[in-house]
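Just final_37.pdb here, PDB, C-alpha atoms:
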```pdb
ATOM      1  CA  MET U  17      58.853   4.418  20.359  1.00  0.00           C
ATOM      2  CA  THR U  18      57.508   7.839  21.166  1.00  0.00           C
ATOM      3  CA  THR U  19      60.018  10.319  22.515  1.00  0.00           C
ATOM      4  CA  PRO U  20      59.357  12.467  25.584  1.00  0.00           C
ATOM      5  CA  SER U  21      59.870  15.506  23.371  1.00  0.00           C
ATOM      6  CA  ALA U  22      57.139  14.368  20.944  1.00  0.00           C
ATOM      7  CA  ARG U  23      54.752  13.819  23.865  1.00  0.00           C
ATOM      8  CA  ARG U  24      55.621  17.233  25.294  1.00  0.00           C
ATOM      9  CA  LYS U  25      54.816  18.864  21.961  1.00  0.00           C
ATOM     10  CA  ALA U  26      51.549  16.892  21.778  1.00  0.00           C
ATOM     11  CA  ARG U  27      50.529  18.199  25.213  1.00  0.00           C
ATOM     12  CA  ARG U  28      51.441  21.745  24.223  1.00  0.00           C
ATOM     13  CA  LEU U  29      49.270  21.617  21.094  1.00  0.00           C
ATOM     14  CA  ALA U  30      46.475  19.832  22.967  1.00  0.00           C
ATOM     15  CA  LEU U  31      46.463  22.580  25.606  1.00  0.00           C
ATOM     16  CA  GLN U  32      46.153  25.248  22.920  1.00  0.00           C
ATOM     17  CA  ALA U  33      43.417  23.299  21.128  1.00  0.00           C
ATOM     18  CA  LEU U  34      41.475  22.654  24.356  1.00  0.00           C
ATOM     19  CA  TYR U  35      41.733  26.329  25.244  1.00  0.00           C
ATOM     20  CA  GLN U  36      40.233  27.163  21.847  1.00  0.00           C
ATOM     21  CA  TRP U  37      37.512  24.543  22.362  1.00  0.00           C
ATOM     22  CA  GLN U  38      36.571  26.094  25.723  1.00  0.00           C
ATOM     23  CA  ILE U  39      36.593  29.685  24.446  1.00  0.00           C
ATOM     24  CA  ALA U  40      35.199  29.388  20.925  1.00  0.00           C
ATOM     25  CA  ASP U  41      32.798  26.488  21.490  1.00  0.00           C
ATOM     26  CA  THR U  42      33.991  24.964  18.218  1.00  0.00           C
ATOM     27  CA  ARG U  43      33.686  21.245  17.494  1.00  0.00           C
ATOM     28  CA  VAL U  44      36.772  19.264  18.471  1.00  0.00           C
ATOM     29  CA  GLY U  45      37.037  17.694  15.019  1.00  0.00           C
ATOM     30  CA  GLU U  46      37.190  21.120  13.379  1.00  0.00           C
ATOM     31  CA  ILE U  47      39.844  22.280  15.831  1.00  0.00           C
ATOM     32  CA  GLU U  48      41.925  19.166  15.221  1.00  0.00           C
ATOM     33  CA  LEU U  49      41.729  19.655  11.472  1.00  0.00           C
ATOM     34  CA  GLN U  50      42.804  23.288  11.834  1.00  0.00           C
ATOM     35  CA  PHE U  51      45.732  22.342  14.092  1.00  0.00           C
ATOM     36  CA  ARG U  52      46.864  19.619  11.699  1.00  0.00           C
ATOM     37  CA  GLU U  53      46.788  22.117   8.811  1.00  0.00           C
ATOM     38  CA  ASP U  54      48.470  24.962  10.708  1.00  0.00           C
ATOM     39  CA  ASN U  55      51.229  23.033  12.519  1.00  0.00           C
ATOM     40  CA  ASP U  56      54.093  20.801  11.473  1.00  0.00           C
ATOM     41  CA  LEU U  57      53.340  17.581  13.343  1.00  0.00           C
ATOM     42  CA  THR U  58      56.386  15.637  12.165  1.00  0.00           C
ATOM     43  CA  LYS U  59      58.028  15.909  15.604  1.00  0.00           C
ATOM     44  CA  VAL U  60      54.758  15.659  17.546  1.00  0.00           C
ATOM     45  CA  ASP U  61      53.132  12.499  18.881  1.00  0.00           C
ATOM     46  CA  ALA U  62      50.080  13.218  16.726  1.00  0.00           C
ATOM     47  CA  ALA U  63      48.157  10.223  18.050  1.00  0.00           C
ATOM     48  CA  TYR U  64      48.618  11.454  21.621  1.00  0.00           C
ATOM     49  CA  PHE U  65      47.576  14.967  20.611  1.00  0.00           C
ATOM     50  CA  SER U  66      44.408  13.537  19.097  1.00  0.00           C
ATOM     51  CA  GLU U  67      43.732  11.356  22.132  1.00  0.00           C
ATOM     52  CA  LEU U  68      44.034  14.297  24.518  1.00  0.00           C
ATOM     53  CA  LEU U  69      41.991  16.629  22.334  1.00  0.00           C
ATOM     54  CA  HIS U  70      39.121  14.159  21.962  1.00  0.00           C
ATOM     55  CA  GLY U  71      39.501  12.469  25.343  1.00  0.00           C
ATOM     56  CA  VAL U  72      39.127  15.526  27.552  1.00  0.00           C
ATOM     57  CA  PRO U  73      35.747  16.602  26.133  1.00  0.00           C
ATOM     58  CA  SER U  74      34.549  12.967  26.102  1.00  0.00           C
ATOM     59  CA  ALA U  75      35.392  12.510  29.790  1.00  0.00           C
ATOM     60  CA  LEU U  76      34.553  16.077  30.817  1.00  0.00           C
ATOM     61  CA  SER U  77      31.907  15.210  33.421  1.00  0.00           C
ATOM     62  CA  GLU U  78      34.222  12.743  35.147  1.00  0.00           C
ATOM     63  CA  ILE U  79      37.213  15.113  34.946  1.00  0.00           C
ATOM     64  CA  ASP U  80      35.267  18.070  36.337  1.00  0.00           C
ATOM     65  CA  ALA U  81      33.841  15.872  39.123  1.00  0.00           C
ATOM     66  CA  VAL U  82      37.397  14.978  40.176  1.00  0.00           C
ATOM     67  CA  LEU U  83      38.531  18.610  40.031  1.00  0.00           C
ATOM     68  CA  ALA U  84      35.574  20.274  41.786  1.00  0.00           C
ATOM     69  CA  PRO U  85      36.282  19.081  45.357  1.00  0.00           C
ATOM     70  CA  VAL U  86      39.943  20.164  45.265  1.00  0.00           C
ATOM     71  CA  LEU U  87      39.398  23.660  43.851  1.00  0.00           C
ATOM     72  CA  ASP U  88      39.064  26.800  45.958  1.00  0.00           C
ATOM     73  CA  ARG U  89      36.490  28.277  43.539  1.00  0.00           C
ATOM     74  CA  PRO U  90      34.032  27.101  40.898  1.00  0.00           C
ATOM     75  CA  LEU U  91      35.799  25.632  37.871  1.00  0.00           C
ATOM     76  CA  ALA U  92      34.204  28.273  35.637  1.00  0.00           C
ATOM     77  CA  GLU U  93      36.121  30.941  37.602  1.00  0.00           C
ATOM     78  CA  VAL U  94      39.519  29.316  37.041  1.00  0.00           C
ATOM     79  CA  ASP U  95      41.637  31.054  34.381  1.00  0.00           C
ATOM     80  CA  PRO U  96      40.770  29.432  31.008  1.00  0.00           C
ATOM     81  CA  ILE U  97      44.348  28.317  30.289  1.00  0.00           C
ATOM     82  CA  GLU U  98      44.719  26.836  33.752  1.00  0.00           C
ATOM     83  CA  ARG U  99      41.280  25.212  33.483  1.00  0.00           C
ATOM     84  CA  ALA U 100      42.265  23.553  30.176  1.00  0.00           C
ATOM     85  CA  LEU U 101      45.567  22.466  31.701  1.00  0.00           C
ATOM     86  CA  LEU U 102      43.950  21.025  34.836  1.00  0.00           C
ATOM     87  CA  ARG U 103      41.498  19.114  32.667  1.00  0.00           C
ATOM     88  CA  LEU U 104      44.262  17.795  30.411  1.00  0.00           C
ATOM     89  CA  ALA U 105      46.395  16.600  33.340  1.00  0.00           C
ATOM     90  CA  THR U 106      43.399  15.076  35.127  1.00  0.00           C
ATOM     91  CA  TYR U 107      42.561  13.181  31.953  1.00  0.00           C
ATOM     92  CA  GLU U 108      46.099  11.776  31.959  1.00  0.00           C
ATOM     93  CA  PHE U 109      45.778  10.790  35.634  1.00  0.00           C
ATOM     94  CA  LEU U 110      42.511   8.991  34.933  1.00  0.00           C
ATOM     95  CA  ARG U 111      43.091   7.436  31.510  1.00  0.00           C
ATOM     96  CA  ARG U 112      46.845   7.078  31.109  1.00  0.00           C
ATOM     97  CA  PRO U 113      48.227   5.048  34.029  1.00  0.00           C
ATOM     98  CA  ASP U 114      51.275   4.329  31.838  1.00  0.00           C
ATOM     99  CA  VAL U 115      52.351   7.954  32.343  1.00  0.00           C
ATOM    100  CA  PRO U 116      53.835   8.400  35.848  1.00  0.00           C
ATOM    101  CA  TYR U 117      51.944  10.977  37.879  1.00  0.00           C
ATOM    102  CA  ARG U 118      55.128  13.003  38.459  1.00  0.00           C
ATOM    103  CA  VAL U 119      55.572  13.313  34.692  1.00  0.00           C
ATOM    104  CA  VAL U 120      51.969  14.527  34.352  1.00  0.00           C
ATOM    105  CA  ILE U 121      52.540  17.165  37.032  1.00  0.00           C
ATOM    106  CA  ASN U 122      55.932  18.279  35.705  1.00  0.00           C
ATOM    107  CA  GLU U 123      54.633  18.622  32.153  1.00  0.00           C
ATOM    108  CA  ALA U 124      51.605  20.576  33.386  1.00  0.00           C
ATOM    109  CA  LEU U 125      53.823  22.932  35.398  1.00  0.00           C
ATOM    110  CA  GLU U 126      56.021  23.660  32.394  1.00  0.00           C
ATOM    111  CA  LEU U 127      52.948  24.452  30.302  1.00  0.00           C
ATOM    112  CA  ALA U 128      51.530  26.624  33.086  1.00  0.00           C
ATOM    113  CA  LYS U 129      54.788  28.586  33.253  1.00  0.00           C
ATOM    114  CA  THR U 130      54.686  29.110  29.476  1.00  0.00           C
ATOM    115  CA  PHE U 131      51.002  29.870  28.912  1.00  0.00           C
ATOM    116  CA  GLY U 132      49.421  30.570  32.296  1.00  0.00           C
ATOM    117  CA  ALA U 133      49.267  33.606  34.533  1.00  0.00           C
ATOM    118  CA  GLU U 134      52.491  34.721  36.225  1.00  0.00           C
ATOM    119  CA  GLU U 135      52.004  32.661  39.396  1.00  0.00           C
ATOM    120  CA  GLY U 136      49.454  30.263  37.880  1.00  0.00           C
ATOM    121  CA  PHE U 137      51.840  27.324  37.962  1.00  0.00           C
ATOM    122  CA  LYS U 138      51.701  27.373  41.773  1.00  0.00           C
ATOM    123  CA  TYR U 139      47.922  27.013  41.702  1.00  0.00           C
ATOM    124  CA  VAL U 140      48.145  24.243  39.084  1.00  0.00           C
ATOM    125  CA  ASN U 141      50.748  22.431  41.193  1.00  0.00           C
ATOM    126  CA  GLY U 142      48.606  22.573  44.335  1.00  0.00           C
ATOM    127  CA  VAL U 143      45.480  21.346  42.566  1.00  0.00           C
ATOM    128  CA  LEU U 144      47.240  18.554  40.672  1.00  0.00           C
ATOM    129  CA  ASP U 145      48.976  17.364  43.824  1.00  0.00           C
ATOM    130  CA  LYS U 146      45.532  16.862  45.389  1.00  0.00           C
ATOM    131  CA  VAL U 147      44.165  15.230  42.227  1.00  0.00           C
ATOM    132  CA  ALA U 148      47.121  12.818  42.164  1.00  0.00           C
ATOM    133  CA  ARG U 149      46.374  11.753  45.733  1.00  0.00           C
ATOM    134  CA  THR U 150      42.821  10.808  44.776  1.00  0.00           C
ATOM    135  CA  THR U 151      43.342   9.397  41.281  1.00  0.00           C
ATOM    136  CA  ARG U 152      46.752   7.785  41.776  1.00  0.00           C
ATOM    137  CA  SER U 153      46.745   7.202  45.534  1.00  0.00           C
ATOM    138  CA  ALA U 154      48.914   4.060  45.457  1.00  0.00           C
ATOM    139  CA  GLU U 155      51.496   5.675  43.190  1.00  0.00           C
ATOM    140  CA  ALA U 156      51.440   9.069  44.945  1.00  0.00           C
ATOM    141  CA  SER U 157      51.837   7.554  48.419  1.00  0.00           C
ATOM    142  CA  ARG U 158      54.967   5.561  47.567  1.00  0.00           C
ATOM    143  CA  PRO U 159      58.098   7.014  49.115  1.00  0.00           C
ATOM    144  CA  ARG U 160      60.505   8.654  46.699  1.00  0.00           C
ATOM    145  CA  SER U 161      63.547   6.566  45.939  1.00  0.00           C
TER     146      SER U 161
END
```
Here is the file; what I need is its structure written in the form of structure tokens.
Amino acid sequence: MTTPSARRKARRLALQALYQWQIADTRVGEIELQFREDNDLTKVDAAYFSELLHGVPSALSEIDAVLAPVLDRPLAEVDPIERALLRLATYEFLRRPDVPYRVVINEALELAKTFGAEEGFKYVNGVLDKVARTTRSAEASRPRS
């Protein structure tokens, strides 16, 4: 059983790796190898890290197509950390229905507070709320218990 903490650490590393992929235009396999060499993954859900790191670039067209209509500017103009984070969370919305949408949003907000611009988490929250309504409409429209 994977712990929430191990998943959280996997998302954190995946965000950093995806940021590097966006900025340096390095192959995902090379980035993964570097991250596995440079980080202790004993308390990380390494399989989830790998899935996110490879999954986002593989589904990039679909992810960006979901994001584009809910953004207030072109995706290329979104801060690179926030762009990587929005892509990561959108991937989870689309490909990981086993992860509740509220968990996806909460994890993304924590990462945005750690790595993003000072008020960037507010932007991330607003965008992901809209993405959740389109990608997880049944789940997002249920009343809170």
With all atoms listed in the file counted and 10 Å as the cut-off, give the residues of segment 57-123 of chain U in contact with segment 130-139 of chain U, each with its shortest interatomic distance in Å and the pair that gives it, as CSV.
```
residue,atom,partner,partner_atom,distance
U:Leu87,CA,U:Tyr139,CA,9.4
U:Asp88,CA,U:Tyr139,CA,9.8
U:Val94,CA,U:Tyr139,CA,9.9
U:Asp95,CA,U:Ala133,CA,8.0
U:Pro96,CA,U:Gly132,CA,8.8
U:Ile97,CA,U:Gly132,CA,5.9
U:Glu98,CA,U:Gly132,CA,6.2
U:Arg99,CA,U:Gly132,CA,9.8
U:Leu101,CA,U:Gly132,CA,9.0
U:Leu102,CA,U:Tyr139,CA,9.9
```
- Query: Which distance in Å separates atom CA of Ala22 of chain U and atom CA of Arg158 of chain U, to one decimal?
  - Reply: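 Between atom CA of Ala22 of chain U and atom CA of Arg158 of chain U the gap is 28.1 Å.
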- Asp61 of chain U surroundings by only C-alpha atoms, 9 Å radius, close-in-sequence under 2 positions cut, as a list of chain:residue names: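 Within the cut-off, the hits are U:Thr18, U:Thr19, U:Ser21, U:Ala22, U:Arg23, U:Arg24, U:Lys25, U:Ala26, U:Arg27, U:Leu57, U:Thr58, U:Lys59, U:Ala63, U:Tyr64, U:Phe65, U:Ser66.
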- Compare U:Val120, U:Ala81, U:Leu29, U:Leu68 by their minimum atom-to-atom distance to Arg52 of chain U, counting only C-alpha atoms, and give me the closest one.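 Residue with the minimum atom-to-atom distance to Arg52 of chain U: U:Leu29.
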- Residues within 12 Å of (41.3, 20.6, 30.8), file coords, only C-alpha atoms, listed as a PyMOL selection string: chain U and resi 27+30-38+68-80+82-83+91-92+94-109+124+140+144
Could you add N, CA and C atoms to segment 89-125 of chain U and give me the result as a PDB file, in the coordinates of the input?
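Below is the file part_24.pdb, written as the result:
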```pdb
ATOM      1  N   ARG U  89      37.516  27.455  44.195  1.00  0.00           N
ATOM      2  CA  ARG U  89      36.490  28.277  43.539  1.00  0.00           C
ATOM      3  C   ARG U  89      35.805  27.413  42.485  1.00  0.00           C
ATOM      4  N   PRO U  90      34.674  27.861  41.979  1.00  0.00           N
ATOM      5  CA  PRO U  90      34.032  27.101  40.898  1.00  0.00           C
ATOM      6  C   PRO U  90      34.963  26.994  39.690  1.00  0.00           C
ATOM      7  N   LEU U  91      34.924  25.870  39.022  1.00  0.00           N
ATOM      8  CA  LEU U  91      35.799  25.632  37.871  1.00  0.00           C
ATOM      9  C   LEU U  91      35.648  26.716  36.810  1.00  0.00           C
ATOM     10  N   ALA U  92      34.444  27.220  36.636  1.00  0.00           N
ATOM     11  CA  ALA U  92      34.204  28.273  35.637  1.00  0.00           C
ATOM     12  C   ALA U  92      34.972  29.551  35.952  1.00  0.00           C
ATOM     13  N   GLU U  93      35.383  29.745  37.207  1.00  0.00           N
ATOM     14  CA  GLU U  93      36.121  30.941  37.602  1.00  0.00           C
ATOM     15  C   GLU U  93      37.640  30.771  37.513  1.00  0.00           C
ATOM     16  N   VAL U  94      38.085  29.566  37.210  1.00  0.00           N
ATOM     17  CA  VAL U  94      39.519  29.316  37.041  1.00  0.00           C
ATOM     18  C   VAL U  94      39.931  29.886  35.683  1.00  0.00           C
ATOM     19  N   ASP U  95      41.097  30.510  35.623  1.00  0.00           N
ATOM     20  CA  ASP U  95      41.637  31.054  34.381  1.00  0.00           C
ATOM     21  C   ASP U  95      41.482  30.008  33.264  1.00  0.00           C
ATOM     22  N   PRO U  96      41.031  30.410  32.075  1.00  0.00           N
ATOM     23  CA  PRO U  96      40.770  29.432  31.008  1.00  0.00           C
ATOM     24  C   PRO U  96      41.969  28.565  30.615  1.00  0.00           C
ATOM     25  N   ILE U  97      43.165  29.128  30.600  1.00  0.00           N
ATOM     26  CA  ILE U  97      44.348  28.317  30.289  1.00  0.00           C
ATOM     27  C   ILE U  97      44.575  27.300  31.403  1.00  0.00           C
ATOM     28  N   GLU U  98      44.501  27.746  32.629  1.00  0.00           N
ATOM     29  CA  GLU U  98      44.719  26.836  33.752  1.00  0.00           C
ATOM     30  C   GLU U  98      43.612  25.790  33.828  1.00  0.00           C
ATOM     31  N   ARG U  99      42.391  26.172  33.507  1.00  0.00           N
ATOM     32  CA  ARG U  99      41.280  25.212  33.483  1.00  0.00           C
ATOM     33  C   ARG U  99      41.545  24.126  32.435  1.00  0.00           C
ATOM     34  N   ALA U 100      41.959  24.528  31.229  1.00  0.00           N
ATOM     35  CA  ALA U 100      42.265  23.553  30.176  1.00  0.00           C
ATOM     36  C   ALA U 100      43.422  22.652  30.612  1.00  0.00           C
ATOM     37  N   LEU U 101      44.408  23.226  31.244  1.00  0.00           N
ATOM     38  CA  LEU U 101      45.567  22.466  31.701  1.00  0.00           C
ATOM     39  C   LEU U 101      45.195  21.483  32.807  1.00  0.00           C
ATOM     40  N   LEU U 102      44.391  21.920  33.764  1.00  0.00           N
ATOM     41  CA  LEU U 102      43.950  21.025  34.836  1.00  0.00           C
ATOM     42  C   LEU U 102      43.129  19.866  34.268  1.00  0.00           C
ATOM     43  N   ARG U 103      42.296  20.167  33.294  1.00  0.00           N
ATOM     44  CA  ARG U 103      41.498  19.114  32.667  1.00  0.00           C
ATOM     45  C   ARG U 103      42.387  18.127  31.906  1.00  0.00           C
ATOM     46  N   LEU U 104      43.356  18.645  31.173  1.00  0.00           N
ATOM     47  CA  LEU U 104      44.262  17.795  30.411  1.00  0.00           C
ATOM     48  C   LEU U 104      45.033  16.861  31.352  1.00  0.00           C
ATOM     49  N   ALA U 105      45.610  17.406  32.396  1.00  0.00           N
ATOM     50  CA  ALA U 105      46.395  16.600  33.340  1.00  0.00           C
ATOM     51  C   ALA U 105      45.511  15.592  34.073  1.00  0.00           C
ATOM     52  N   THR U 106      44.304  16.000  34.448  1.00  0.00           N
ATOM     53  CA  THR U 106      43.399  15.076  35.127  1.00  0.00           C
ATOM     54  C   THR U 106      43.007  13.930  34.199  1.00  0.00           C
ATOM     55  N   TYR U 107      42.821  14.234  32.934  1.00  0.00           N
ATOM     56  CA  TYR U 107      42.561  13.181  31.953  1.00  0.00           C
ATOM     57  C   TYR U 107      43.722  12.179  31.968  1.00  0.00           C
ATOM     58  N   GLU U 108      44.947  12.682  31.953  1.00  0.00           N
ATOM     59  CA  GLU U 108      46.099  11.776  31.959  1.00  0.00           C
ATOM     60  C   GLU U 108      46.139  10.946  33.246  1.00  0.00           C
ATOM     61  N   PHE U 109      45.828  11.550  34.376  1.00  0.00           N
ATOM     62  CA  PHE U 109      45.778  10.790  35.634  1.00  0.00           C
ATOM     63  C   PHE U 109      44.764   9.649  35.528  1.00  0.00           C
ATOM     64  N   LEU U 110      43.604   9.964  34.978  1.00  0.00           N
ATOM     65  CA  LEU U 110      42.511   8.991  34.933  1.00  0.00           C
ATOM     66  C   LEU U 110      42.676   7.929  33.851  1.00  0.00           C
ATOM     67  N   ARG U 111      43.121   8.329  32.675  1.00  0.00           N
ATOM     68  CA  ARG U 111      43.091   7.436  31.510  1.00  0.00           C
ATOM     69  C   ARG U 111      44.444   6.911  31.055  1.00  0.00           C
ATOM     70  N   ARG U 112      45.514   7.489  31.562  1.00  0.00           N
ATOM     71  CA  ARG U 112      46.845   7.078  31.109  1.00  0.00           C
ATOM     72  C   ARG U 112      47.732   6.645  32.283  1.00  0.00           C
ATOM     73  N   PRO U 113      47.413   5.513  32.895  1.00  0.00           N
ATOM     74  CA  PRO U 113      48.227   5.048  34.029  1.00  0.00           C
ATOM     75  C   PRO U 113      49.665   4.715  33.625  1.00  0.00           C
ATOM     76  N   ASP U 114      49.917   4.583  32.325  1.00  0.00           N
ATOM     77  CA  ASP U 114      51.275   4.329  31.838  1.00  0.00           C
ATOM     78  C   ASP U 114      52.176   5.556  31.977  1.00  0.00           C
ATOM     79  N   VAL U 115      51.570   6.730  32.167  1.00  0.00           N
ATOM     80  CA  VAL U 115      52.351   7.954  32.343  1.00  0.00           C
ATOM     81  C   VAL U 115      52.464   8.212  33.847  1.00  0.00           C
ATOM     82  N   PRO U 116      53.678   8.174  34.404  1.00  0.00           N
ATOM     83  CA  PRO U 116      53.835   8.400  35.848  1.00  0.00           C
ATOM     84  C   PRO U 116      53.236   9.743  36.271  1.00  0.00           C
ATOM     85  N   TYR U 117      52.621   9.751  37.440  1.00  0.00           N
ATOM     86  CA  TYR U 117      51.944  10.977  37.879  1.00  0.00           C
ATOM     87  C   TYR U 117      52.900  12.157  37.988  1.00  0.00           C
ATOM     88  N   ARG U 118      54.158  11.902  38.361  1.00  0.00           N
ATOM     89  CA  ARG U 118      55.128  13.003  38.459  1.00  0.00           C
ATOM     90  C   ARG U 118      55.401  13.620  37.087  1.00  0.00           C
ATOM     91  N   VAL U 119      55.388  12.804  36.054  1.00  0.00           N
ATOM     92  CA  VAL U 119      55.572  13.313  34.692  1.00  0.00           C
ATOM     93  C   VAL U 119      54.381  14.195  34.321  1.00  0.00           C
ATOM     94  N   VAL U 120      53.171  13.741  34.644  1.00  0.00           N
ATOM     95  CA  VAL U 120      51.969  14.527  34.352  1.00  0.00           C
ATOM     96  C   VAL U 120      52.076  15.891  35.026  1.00  0.00           C
ATOM     97  N   ILE U 121      52.439  15.897  36.296  1.00  0.00           N
ATOM     98  CA  ILE U 121      52.540  17.165  37.032  1.00  0.00           C
ATOM     99  C   ILE U 121      53.651  18.042  36.466  1.00  0.00           C
ATOM    100  N   ASN U 122      54.818  17.482  36.229  1.00  0.00           N
ATOM    101  CA  ASN U 122      55.932  18.279  35.705  1.00  0.00           C
ATOM    102  C   ASN U 122      55.603  18.889  34.349  1.00  0.00           C
ATOM    103  N   GLU U 123      55.004  18.103  33.478  1.00  0.00           N
ATOM    104  CA  GLU U 123      54.633  18.622  32.153  1.00  0.00           C
ATOM    105  C   GLU U 123      53.606  19.750  32.293  1.00  0.00           C
ATOM    106  N   ALA U 124      52.629  19.553  33.170  1.00  0.00           N
ATOM    107  CA  ALA U 124      51.605  20.576  33.386  1.00  0.00           C
ATOM    108  C   ALA U 124      52.224  21.868  33.927  1.00  0.00           C
ATOM    109  N   LEU U 125      53.181  21.737  34.833  1.00  0.00           N
ATOM    110  CA  LEU U 125      53.823  22.932  35.398  1.00  0.00           C
ATOM    111  C   LEU U 125      54.601  23.694  34.332  1.00  0.00           C
TER     112      LEU U 125
END
```
